[in-house]
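Engineer: Sharing data.cif (mmCIF, N, CA and C atoms) below.
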```cif
data_final
loop_
_atom_site.label_atom_id
_atom_site.label_comp_id
_atom_site.auth_asym_id
_atom_site.auth_seq_id
_atom_site.Cartn_x
_atom_site.Cartn_y
_atom_site.Cartn_z
N MET A 1 -15.55 -44.75 -36.30
CA MET A 1 -15.54 -44.65 -37.73
C MET A 1 -16.79 -43.92 -38.20
N LEU A 2 -16.60 -43.01 -39.10
CA LEU A 2 -17.72 -42.23 -39.61
C LEU A 2 -17.74 -42.33 -41.13
N SER A 3 -18.92 -42.25 -41.68
CA SER A 3 -19.03 -42.20 -43.14
C SER A 3 -19.37 -40.78 -43.53
N ALA A 4 -18.80 -40.32 -44.62
CA ALA A 4 -18.98 -38.94 -45.04
C ALA A 4 -19.95 -38.88 -46.21
N GLY A 5 -21.18 -38.56 -45.96
CA GLY A 5 -22.16 -38.35 -47.02
C GLY A 5 -22.98 -39.59 -47.33
N VAL A 6 -24.05 -39.42 -48.10
CA VAL A 6 -24.93 -40.53 -48.46
C VAL A 6 -24.36 -41.21 -49.69
N GLY A 7 -24.23 -42.49 -49.65
CA GLY A 7 -23.75 -43.25 -50.79
C GLY A 7 -22.23 -43.31 -50.87
N HIS A 8 -21.54 -42.44 -50.18
CA HIS A 8 -20.09 -42.50 -50.16
C HIS A 8 -19.67 -43.24 -48.91
N GLN A 9 -18.79 -44.13 -49.04
CA GLN A 9 -18.35 -44.92 -47.90
C GLN A 9 -16.90 -44.63 -47.54
N LYS A 10 -16.56 -43.35 -47.44
CA LYS A 10 -15.21 -42.98 -47.05
C LYS A 10 -15.08 -43.17 -45.55
N VAL A 11 -14.09 -43.87 -45.13
CA VAL A 11 -13.86 -44.16 -43.71
C VAL A 11 -12.82 -43.19 -43.20
N ILE A 12 -13.14 -42.55 -42.06
CA ILE A 12 -12.25 -41.59 -41.44
C ILE A 12 -11.68 -42.23 -40.18
N ASN A 13 -10.37 -42.20 -40.05
CA ASN A 13 -9.73 -42.72 -38.84
C ASN A 13 -10.02 -41.81 -37.65
N ASN A 14 -9.99 -42.38 -36.47
CA ASN A 14 -10.16 -41.58 -35.26
C ASN A 14 -9.00 -40.62 -35.07
N SER A 15 -7.80 -40.99 -35.51
CA SER A 15 -6.64 -40.12 -35.35
C SER A 15 -6.76 -38.88 -36.23
N GLU A 16 -7.47 -38.97 -37.35
CA GLU A 16 -7.68 -37.80 -38.20
C GLU A 16 -8.68 -36.84 -37.58
N MET A 17 -9.60 -37.34 -36.77
CA MET A 17 -10.62 -36.49 -36.17
C MET A 17 -10.10 -35.71 -34.97
N LEU A 18 -9.14 -36.27 -34.24
CA LEU A 18 -8.66 -35.64 -33.02
C LEU A 18 -7.50 -34.70 -33.31
N PRO A 19 -7.68 -33.41 -33.02
CA PRO A 19 -6.57 -32.49 -33.23
C PRO A 19 -5.54 -32.66 -32.11
N SER A 20 -4.31 -32.28 -32.38
CA SER A 20 -3.30 -32.32 -31.33
C SER A 20 -3.53 -31.13 -30.41
N PHE A 21 -3.35 -31.33 -29.11
CA PHE A 21 -3.59 -30.25 -28.15
C PHE A 21 -2.65 -30.41 -26.98
N ASN A 22 -2.50 -29.32 -26.27
CA ASN A 22 -1.72 -29.30 -25.04
C ASN A 22 -2.70 -29.31 -23.88
N ILE A 23 -2.48 -30.17 -22.91
CA ILE A 23 -3.41 -30.29 -21.79
C ILE A 23 -3.50 -29.00 -20.99
N ALA A 24 -2.41 -28.21 -20.92
CA ALA A 24 -2.42 -26.96 -20.17
C ALA A 24 -3.35 -25.94 -20.80
N GLU A 25 -3.58 -26.04 -22.12
CA GLU A 25 -4.49 -25.10 -22.79
C GLU A 25 -5.94 -25.53 -22.65
N MET A 26 -6.18 -26.79 -22.37
CA MET A 26 -7.54 -27.31 -22.34
C MET A 26 -8.22 -27.20 -20.98
N VAL A 27 -7.45 -27.06 -19.91
CA VAL A 27 -8.06 -27.01 -18.59
C VAL A 27 -8.63 -25.63 -18.33
N PRO A 28 -9.69 -25.53 -17.53
CA PRO A 28 -10.25 -24.22 -17.21
C PRO A 28 -9.26 -23.37 -16.42
N PHE A 29 -9.54 -22.07 -16.35
CA PHE A 29 -8.60 -21.13 -15.74
C PHE A 29 -8.34 -21.43 -14.27
N PHE A 30 -9.31 -21.97 -13.53
CA PHE A 30 -9.10 -22.19 -12.11
C PHE A 30 -8.31 -23.46 -11.84
N PHE A 31 -8.03 -24.26 -12.85
CA PHE A 31 -7.19 -25.43 -12.69
C PHE A 31 -5.81 -25.26 -13.30
N LYS A 32 -5.52 -24.09 -13.87
CA LYS A 32 -4.26 -23.89 -14.55
C LYS A 32 -3.06 -24.03 -13.63
N ASN A 33 -3.22 -23.77 -12.34
CA ASN A 33 -2.11 -23.90 -11.41
C ASN A 33 -1.72 -25.35 -11.20
N CYS A 34 -2.57 -26.28 -11.60
CA CYS A 34 -2.29 -27.69 -11.39
C CYS A 34 -1.37 -28.27 -12.46
N TYR A 35 -1.20 -27.59 -13.58
CA TYR A 35 -0.42 -28.11 -14.69
C TYR A 35 0.67 -27.13 -15.08
N ASN A 36 1.84 -27.63 -15.40
CA ASN A 36 2.87 -26.75 -15.93
C ASN A 36 2.75 -26.71 -17.46
N LYS A 37 3.68 -26.05 -18.13
CA LYS A 37 3.56 -25.85 -19.57
C LYS A 37 3.65 -27.14 -20.37
N SER A 38 4.33 -28.13 -19.83
CA SER A 38 4.44 -29.40 -20.56
C SER A 38 3.27 -30.34 -20.26
N GLY A 39 2.33 -29.91 -19.45
CA GLY A 39 1.15 -30.71 -19.16
C GLY A 39 1.29 -31.63 -17.97
N GLU A 40 2.41 -31.56 -17.25
CA GLU A 40 2.60 -32.39 -16.08
C GLU A 40 1.90 -31.77 -14.88
N VAL A 41 1.37 -32.62 -14.04
CA VAL A 41 0.67 -32.15 -12.85
C VAL A 41 1.70 -31.69 -11.82
N ILE A 42 1.48 -30.51 -11.23
CA ILE A 42 2.35 -30.02 -10.16
C ILE A 42 1.55 -29.92 -8.88
N MET A 43 2.24 -29.88 -7.76
CA MET A 43 1.58 -29.82 -6.47
C MET A 43 1.18 -28.38 -6.16
N LYS A 44 -0.10 -28.15 -5.86
CA LYS A 44 -0.59 -26.80 -5.60
C LYS A 44 -0.27 -26.34 -4.19
N ASN A 45 -0.22 -27.24 -3.26
CA ASN A 45 -0.09 -26.82 -1.87
C ASN A 45 1.14 -27.45 -1.21
N LYS A 46 2.28 -27.25 -1.81
CA LYS A 46 3.52 -27.79 -1.25
C LYS A 46 3.84 -27.12 0.08
N TYR A 47 3.62 -25.81 0.17
CA TYR A 47 3.94 -25.09 1.40
C TYR A 47 3.09 -25.59 2.57
N GLN A 48 1.82 -25.87 2.33
CA GLN A 48 0.95 -26.33 3.41
C GLN A 48 1.33 -27.72 3.90
N ARG A 49 1.98 -28.52 3.07
CA ARG A 49 2.35 -29.88 3.45
C ARG A 49 3.73 -29.97 4.10
N MET A 50 4.42 -28.86 4.18
CA MET A 50 5.76 -28.87 4.78
C MET A 50 5.66 -28.95 6.30
N SER A 51 6.75 -29.43 6.91
CA SER A 51 6.82 -29.43 8.37
C SER A 51 7.12 -28.02 8.87
N LYS A 52 7.04 -27.81 10.17
CA LYS A 52 7.27 -26.47 10.72
C LYS A 52 8.69 -26.00 10.48
N GLU A 53 9.64 -26.91 10.59
CA GLU A 53 11.03 -26.53 10.37
C GLU A 53 11.28 -26.13 8.91
N GLU A 54 10.70 -26.91 7.99
CA GLU A 54 10.86 -26.59 6.57
C GLU A 54 10.20 -25.25 6.23
N LYS A 55 9.04 -25.00 6.85
CA LYS A 55 8.37 -23.72 6.61
C LYS A 55 9.21 -22.55 7.10
N LYS A 56 9.81 -22.71 8.28
CA LYS A 56 10.65 -21.62 8.81
C LYS A 56 11.87 -21.37 7.93
N LYS A 57 12.49 -22.45 7.45
CA LYS A 57 13.64 -22.30 6.54
C LYS A 57 13.22 -21.59 5.26
N LEU A 58 12.07 -21.99 4.71
CA LEU A 58 11.59 -21.37 3.48
C LEU A 58 11.24 -19.90 3.70
N GLN A 59 10.61 -19.60 4.83
CA GLN A 59 10.28 -18.21 5.13
C GLN A 59 11.53 -17.36 5.28
N ASN A 60 12.57 -17.90 5.90
CA ASN A 60 13.83 -17.16 6.03
C ASN A 60 14.47 -16.91 4.67
N LYS A 61 14.45 -17.92 3.79
CA LYS A 61 14.98 -17.72 2.44
C LYS A 61 14.16 -16.67 1.69
N PHE A 62 12.83 -16.71 1.88
CA PHE A 62 11.95 -15.76 1.20
C PHE A 62 12.19 -14.34 1.71
N LYS A 63 12.43 -14.22 3.03
CA LYS A 63 12.69 -12.89 3.62
C LYS A 63 14.01 -12.32 3.15
N GLN A 64 14.96 -13.17 2.80
CA GLN A 64 16.27 -12.70 2.36
C GLN A 64 16.25 -12.18 0.93
N SER A 65 15.28 -12.62 0.12
CA SER A 65 15.21 -12.12 -1.25
C SER A 65 14.62 -10.71 -1.25
N ALA A 66 14.98 -9.92 -2.25
CA ALA A 66 14.49 -8.54 -2.35
C ALA A 66 12.99 -8.53 -2.58
N TYR A 67 12.51 -9.43 -3.44
CA TYR A 67 11.07 -9.52 -3.71
C TYR A 67 10.31 -9.88 -2.44
N GLY A 68 10.84 -10.83 -1.67
CA GLY A 68 10.19 -11.26 -0.43
C GLY A 68 10.13 -10.16 0.60
N GLN A 69 11.21 -9.40 0.74
CA GLN A 69 11.22 -8.29 1.71
C GLN A 69 10.17 -7.25 1.34
N ASN A 70 10.10 -6.90 0.07
CA ASN A 70 9.14 -5.90 -0.39
C ASN A 70 7.70 -6.39 -0.20
N LEU A 71 7.46 -7.66 -0.58
CA LEU A 71 6.11 -8.20 -0.47
C LEU A 71 5.67 -8.33 0.98
N LEU A 72 6.55 -8.82 1.84
CA LEU A 72 6.19 -8.98 3.25
C LEU A 72 5.94 -7.63 3.92
N PHE A 73 6.70 -6.61 3.53
CA PHE A 73 6.46 -5.27 4.07
C PHE A 73 5.06 -4.77 3.68
N ARG A 74 4.69 -4.97 2.43
CA ARG A 74 3.36 -4.53 1.97
C ARG A 74 2.24 -5.34 2.63
N LEU A 75 2.46 -6.65 2.78
CA LEU A 75 1.43 -7.49 3.41
C LEU A 75 1.26 -7.17 4.88
N LYS A 76 2.35 -6.83 5.58
CA LYS A 76 2.23 -6.41 6.98
C LYS A 76 1.45 -5.11 7.07
N ARG A 77 1.69 -4.22 6.13
CA ARG A 77 0.95 -2.95 6.12
C ARG A 77 -0.55 -3.20 5.92
N LEU A 78 -0.90 -4.12 5.00
CA LEU A 78 -2.31 -4.45 4.79
C LEU A 78 -2.92 -5.09 6.03
N LEU A 79 -2.16 -5.94 6.70
CA LEU A 79 -2.65 -6.59 7.91
C LEU A 79 -2.90 -5.56 9.01
N ILE A 80 -1.99 -4.61 9.17
CA ILE A 80 -2.17 -3.57 10.19
C ILE A 80 -3.37 -2.69 9.86
N ILE A 81 -3.53 -2.34 8.58
CA ILE A 81 -4.69 -1.54 8.17
C ILE A 81 -5.98 -2.30 8.47
N GLY A 82 -6.00 -3.61 8.22
CA GLY A 82 -7.18 -4.41 8.51
C GLY A 82 -7.50 -4.47 9.99
N ILE A 83 -6.48 -4.62 10.82
CA ILE A 83 -6.70 -4.69 12.28
C ILE A 83 -7.19 -3.35 12.81
N VAL A 84 -6.59 -2.26 12.33
CA VAL A 84 -7.03 -0.92 12.75
C VAL A 84 -8.47 -0.68 12.29
N GLY A 85 -8.80 -1.12 11.07
CA GLY A 85 -10.16 -0.97 10.56
C GLY A 85 -11.18 -1.72 11.39
N ILE A 86 -10.83 -2.93 11.83
CA ILE A 86 -11.74 -3.70 12.69
C ILE A 86 -11.92 -3.00 14.03
N CYS A 87 -10.85 -2.45 14.58
CA CYS A 87 -10.96 -1.72 15.85
C CYS A 87 -11.89 -0.51 15.71
N PHE A 88 -11.70 0.25 14.63
CA PHE A 88 -12.57 1.41 14.42
C PHE A 88 -14.02 1.00 14.17
N SER A 89 -14.23 -0.09 13.46
CA SER A 89 -15.61 -0.51 13.21
C SER A 89 -16.28 -0.97 14.50
N LEU A 90 -15.53 -1.68 15.36
CA LEU A 90 -16.11 -2.07 16.65
C LEU A 90 -16.39 -0.86 17.52
N LEU A 91 -15.51 0.13 17.47
CA LEU A 91 -15.74 1.38 18.21
C LEU A 91 -16.98 2.09 17.68
N GLU A 92 -17.13 2.09 16.37
CA GLU A 92 -18.31 2.73 15.77
C GLU A 92 -19.59 1.97 16.12
N PHE A 93 -19.53 0.64 16.15
CA PHE A 93 -20.69 -0.14 16.59
C PHE A 93 -21.06 0.20 18.03
N GLY A 94 -20.06 0.29 18.89
CA GLY A 94 -20.33 0.61 20.30
C GLY A 94 -20.94 1.98 20.48
N VAL A 95 -20.38 2.97 19.79
CA VAL A 95 -20.92 4.33 19.90
C VAL A 95 -22.34 4.40 19.35
N ALA A 96 -22.58 3.75 18.22
CA ALA A 96 -23.92 3.76 17.63
C ALA A 96 -24.92 3.03 18.51
N PHE A 97 -24.48 1.96 19.16
CA PHE A 97 -25.40 1.19 19.99
C PHE A 97 -25.75 1.93 21.27
N PHE A 98 -24.76 2.52 21.94
CA PHE A 98 -25.02 3.17 23.22
C PHE A 98 -25.68 4.54 23.06
N ASN A 99 -25.40 5.24 21.98
CA ASN A 99 -26.00 6.56 21.77
C ASN A 99 -27.31 6.49 20.99
N LYS A 100 -27.71 5.32 20.58
CA LYS A 100 -28.95 5.12 19.81
C LYS A 100 -29.00 6.04 18.60
N LYS A 101 -27.90 6.05 17.86
CA LYS A 101 -27.84 6.93 16.69
C LYS A 101 -28.53 6.28 15.50
N ASP A 102 -28.37 6.93 14.38
CA ASP A 102 -29.04 6.53 13.14
C ASP A 102 -28.53 5.17 12.66
N ILE A 103 -29.32 4.52 11.82
CA ILE A 103 -28.98 3.21 11.26
C ILE A 103 -27.75 3.29 10.36
N TRP A 104 -27.47 4.47 9.82
CA TRP A 104 -26.33 4.63 8.92
C TRP A 104 -25.00 4.45 9.64
N ASP A 105 -24.95 4.72 10.92
CA ASP A 105 -23.73 4.44 11.68
C ASP A 105 -23.46 2.94 11.75
N LEU A 106 -24.51 2.17 11.94
CA LEU A 106 -24.35 0.72 11.95
C LEU A 106 -23.96 0.19 10.58
N ILE A 107 -24.54 0.75 9.53
CA ILE A 107 -24.22 0.31 8.17
C ILE A 107 -22.77 0.65 7.82
N SER A 108 -22.34 1.86 8.14
CA SER A 108 -20.95 2.23 7.83
C SER A 108 -19.96 1.41 8.65
N GLY A 109 -20.31 1.11 9.89
CA GLY A 109 -19.45 0.25 10.72
C GLY A 109 -19.36 -1.16 10.17
N SER A 110 -20.48 -1.69 9.67
CA SER A 110 -20.45 -3.04 9.12
C SER A 110 -19.68 -3.08 7.80
N ILE A 111 -19.79 -2.03 6.98
CA ILE A 111 -19.02 -1.97 5.73
C ILE A 111 -17.53 -1.90 6.04
N LEU A 112 -17.15 -1.09 7.01
CA LEU A 112 -15.75 -0.99 7.41
C LEU A 112 -15.24 -2.33 7.97
N PHE A 113 -16.07 -3.03 8.72
CA PHE A 113 -15.70 -4.33 9.27
C PHE A 113 -15.47 -5.35 8.16
N ILE A 114 -16.36 -5.38 7.17
CA ILE A 114 -16.23 -6.32 6.05
C ILE A 114 -14.98 -6.03 5.22
N ILE A 115 -14.73 -4.76 4.93
CA ILE A 115 -13.55 -4.39 4.15
C ILE A 115 -12.28 -4.73 4.92
N SER A 116 -12.27 -4.52 6.21
CA SER A 116 -11.10 -4.86 7.03
C SER A 116 -10.86 -6.36 7.05
N LEU A 117 -11.92 -7.15 7.12
CA LEU A 117 -11.77 -8.60 7.05
C LEU A 117 -11.20 -9.03 5.70
N ILE A 118 -11.65 -8.40 4.63
CA ILE A 118 -11.12 -8.70 3.30
C ILE A 118 -9.63 -8.39 3.24
N PHE A 119 -9.21 -7.28 3.84
CA PHE A 119 -7.78 -6.93 3.87
C PHE A 119 -6.98 -7.99 4.62
N ILE A 120 -7.47 -8.42 5.77
CA ILE A 120 -6.74 -9.40 6.58
C ILE A 120 -6.67 -10.75 5.88
N ILE A 121 -7.80 -11.23 5.38
CA ILE A 121 -7.83 -12.52 4.70
C ILE A 121 -6.99 -12.48 3.43
N GLY A 122 -7.08 -11.39 2.68
CA GLY A 122 -6.28 -11.25 1.46
C GLY A 122 -4.79 -11.24 1.74
N SER A 123 -4.40 -10.58 2.82
CA SER A 123 -2.99 -10.54 3.20
C SER A 123 -2.47 -11.93 3.54
N ILE A 124 -3.23 -12.68 4.31
CA ILE A 124 -2.81 -14.02 4.72
C ILE A 124 -2.79 -14.97 3.53
N ARG A 125 -3.81 -14.92 2.69
CA ARG A 125 -3.85 -15.81 1.52
C ARG A 125 -2.76 -15.49 0.52
N THR A 126 -2.47 -14.21 0.31
CA THR A 126 -1.42 -13.83 -0.63
C THR A 126 -0.06 -14.29 -0.12
N LYS A 127 0.16 -14.18 1.18
CA LYS A 127 1.44 -14.63 1.75
C LYS A 127 1.61 -16.13 1.55
N SER A 128 0.59 -16.91 1.84
CA SER A 128 0.72 -18.36 1.67
C SER A 128 0.85 -18.74 0.20
N LYS A 129 0.16 -18.02 -0.69
CA LYS A 129 0.26 -18.31 -2.13
C LYS A 129 1.66 -18.01 -2.64
N LYS A 130 2.23 -16.89 -2.25
CA LYS A 130 3.57 -16.53 -2.71
C LYS A 130 4.63 -17.45 -2.11
N LEU A 131 4.45 -17.86 -0.85
CA LEU A 131 5.38 -18.81 -0.26
C LEU A 131 5.29 -20.17 -0.96
N ASN A 132 4.10 -20.57 -1.37
CA ASN A 132 3.93 -21.81 -2.09
C ASN A 132 4.61 -21.73 -3.45
N GLU A 133 4.45 -20.62 -4.16
CA GLU A 133 5.12 -20.45 -5.45
C GLU A 133 6.63 -20.46 -5.28
N PHE A 134 7.11 -19.84 -4.21
CA PHE A 134 8.55 -19.80 -3.93
C PHE A 134 9.05 -21.23 -3.63
N ALA A 135 8.26 -22.01 -2.90
CA ALA A 135 8.64 -23.39 -2.58
C ALA A 135 8.69 -24.24 -3.84
N LEU A 136 7.76 -24.03 -4.75
CA LEU A 136 7.76 -24.80 -5.99
C LEU A 136 8.95 -24.43 -6.87
N LYS A 137 9.38 -23.18 -6.84
CA LYS A 137 10.55 -22.76 -7.62
C LYS A 137 11.85 -23.28 -7.01
N GLN A 138 11.84 -23.59 -5.71
CA GLN A 138 13.05 -24.03 -5.02
C GLN A 138 13.41 -25.48 -5.32
N LYS A 139 12.53 -26.23 -5.98
CA LYS A 139 12.77 -27.65 -6.26
C LYS A 139 14.10 -27.90 -6.86
#
```
Would it be possible to restate this file's structure as structure tokens?
Structural biologist:
Amino acid sequence: MLSAGVGHQKVINNSEMLPSFNIAEMVPFFFKNCYNKSGEVIMKNKYQRMSKEEKKKLQNKFKQSAYGQNLLFRLKRLLIIGIVGICFSLLEFGVAFFNKKDIWDLISGSILFIISLIFIIGSIRTKSKKLNEFALKQK
């Protein structure tokens, strides 16, 4: 209860002070995946909690959809690019080490290695995220 002003004893209810809100609008952006539009909590990692058989069934359903085929083709391409990049960076490290070349060869090899790791990790994380979203839609 609050009083409004000096000498005035107007009592304000707590219900008048609290605006109506939706819980999905109030949570920070990194928690938005935990709530649906009606404010109910949803499971973020349903795909990770599935058994191996359920995962294989879900992956087969995902591969049969047009969106899944397109996405998996692109993710495989990113994975191959990442693996080839790591091979080239290791080759560049070896050549720079044995030939005692400039420090810039080591720096460019390390940059290529880091970018290739980002490609590989991004491909794997995107695949699991999309499979999780697909599993949640299958309910």
Engineer: Rounded to one decimal, what separation in Å do you get between atom N of Ile120 in chain A and atom N of Phe73 in chain A?
Structural biologist: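 Value for the atom N of Ile120 in chain A-atom N of Phe73 in chain A distance: 14.5 Å.
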Engineer: Excluding range 111-119 of chain A and its own-chain neighbours fewer than 5 positions away, which residues fall within 6 Å of it when counting only C-alpha atoms? Please give them as a CSV table (one decimal) with N, CA and C atoms, keeping the file's coordinate frame.
Structural biologist:
```csv
chain,number,residue,atom,x,y,z
A,82,GLY,N,-6.0,-3.6,8.2
A,82,GLY,CA,-7.2,-4.4,8.5
A,82,GLY,C,-7.5,-4.5,10.0
A,85,GLY,N,-8.8,-1.1,11.1
A,85,GLY,CA,-10.2,-1.0,10.6
A,85,GLY,C,-11.2,-1.7,11.4
A,86,ILE,N,-10.8,-2.9,11.8
A,86,ILE,CA,-11.7,-3.7,12.7
A,86,ILE,C,-11.9,-3.0,14.0
A,89,SER,N,-14.2,-0.1,13.5
A,89,SER,CA,-15.6,-0.5,13.2
A,89,SER,C,-16.3,-1.0,14.5
```
Engineer: Quote the spacing between CA of Gly122 in chain A and atom N of Cys87 in chain A in Å to one decimal place.
Structural biologist: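 We find that CA of Gly122 in chain A and atom N of Cys87 in chain A lie 16.4 Å from each other.
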Engineer: Between CA of Ser128 in chain A and CA of Gly109 in chain A, what is the distance, to one decimal in Å?
Structural biologist: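 Distance reported for this atom pair: 28.9 Å.
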Engineer: Of the candidates A:Ile81, A:Met50, A:Leu75, A:Leu58, which shows the shortest atom-to-atom distance to Phe134 in chain A, using only N, CA and C atoms?
Structural biologist: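 Among the listed residues, the smallest separation from Phe134 in chain A belongs to A:Leu58.
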Engineer: Please return the centre and edge lengths, in Å to one decimal, of a box with edges along x, y and z that contains all listed atoms of range 48-60 of chain A, widened by 5 Å on every side, as AutoDock Vina command-line options.
Structural biologist:
```
--center_x 7.7 --center_y -23.4 --center_z 6.5 --size_x 23.5 --size_y 23.1 --size_z 18.4
```
Engineer: Go through the shown structure with the PyMOL selection byres (((chain A and resi 66-72 and name CA) around 12) and name CA) and write out the matching residues as a list in words.
Structural biologist: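 Going through the file, the PyMOL selection byres (((chain A and resi 66-72 and name CA) around 12) and name CA) ends up selecting Leu58, Gln59, Asn60, Lys61, Phe62, Lys63, Gln64, Ser65, Phe73, Arg74, Leu75, Lys76, Arg77, Leu78, Leu79, Ser123, Ile124, Thr126, Lys127, Ser128, Lys129, Lys130, Leu131, Glu133 and Phe134 of chain A.
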Engineer: Which residues, written as a PyMOL selection string, have at least one atom at most 8 Å from Lys46 in chain A, with only C-alpha atoms counted and residues fewer than 5 positions away on the same chain left out?
Structural biologist: chain A and resi 132+135-136
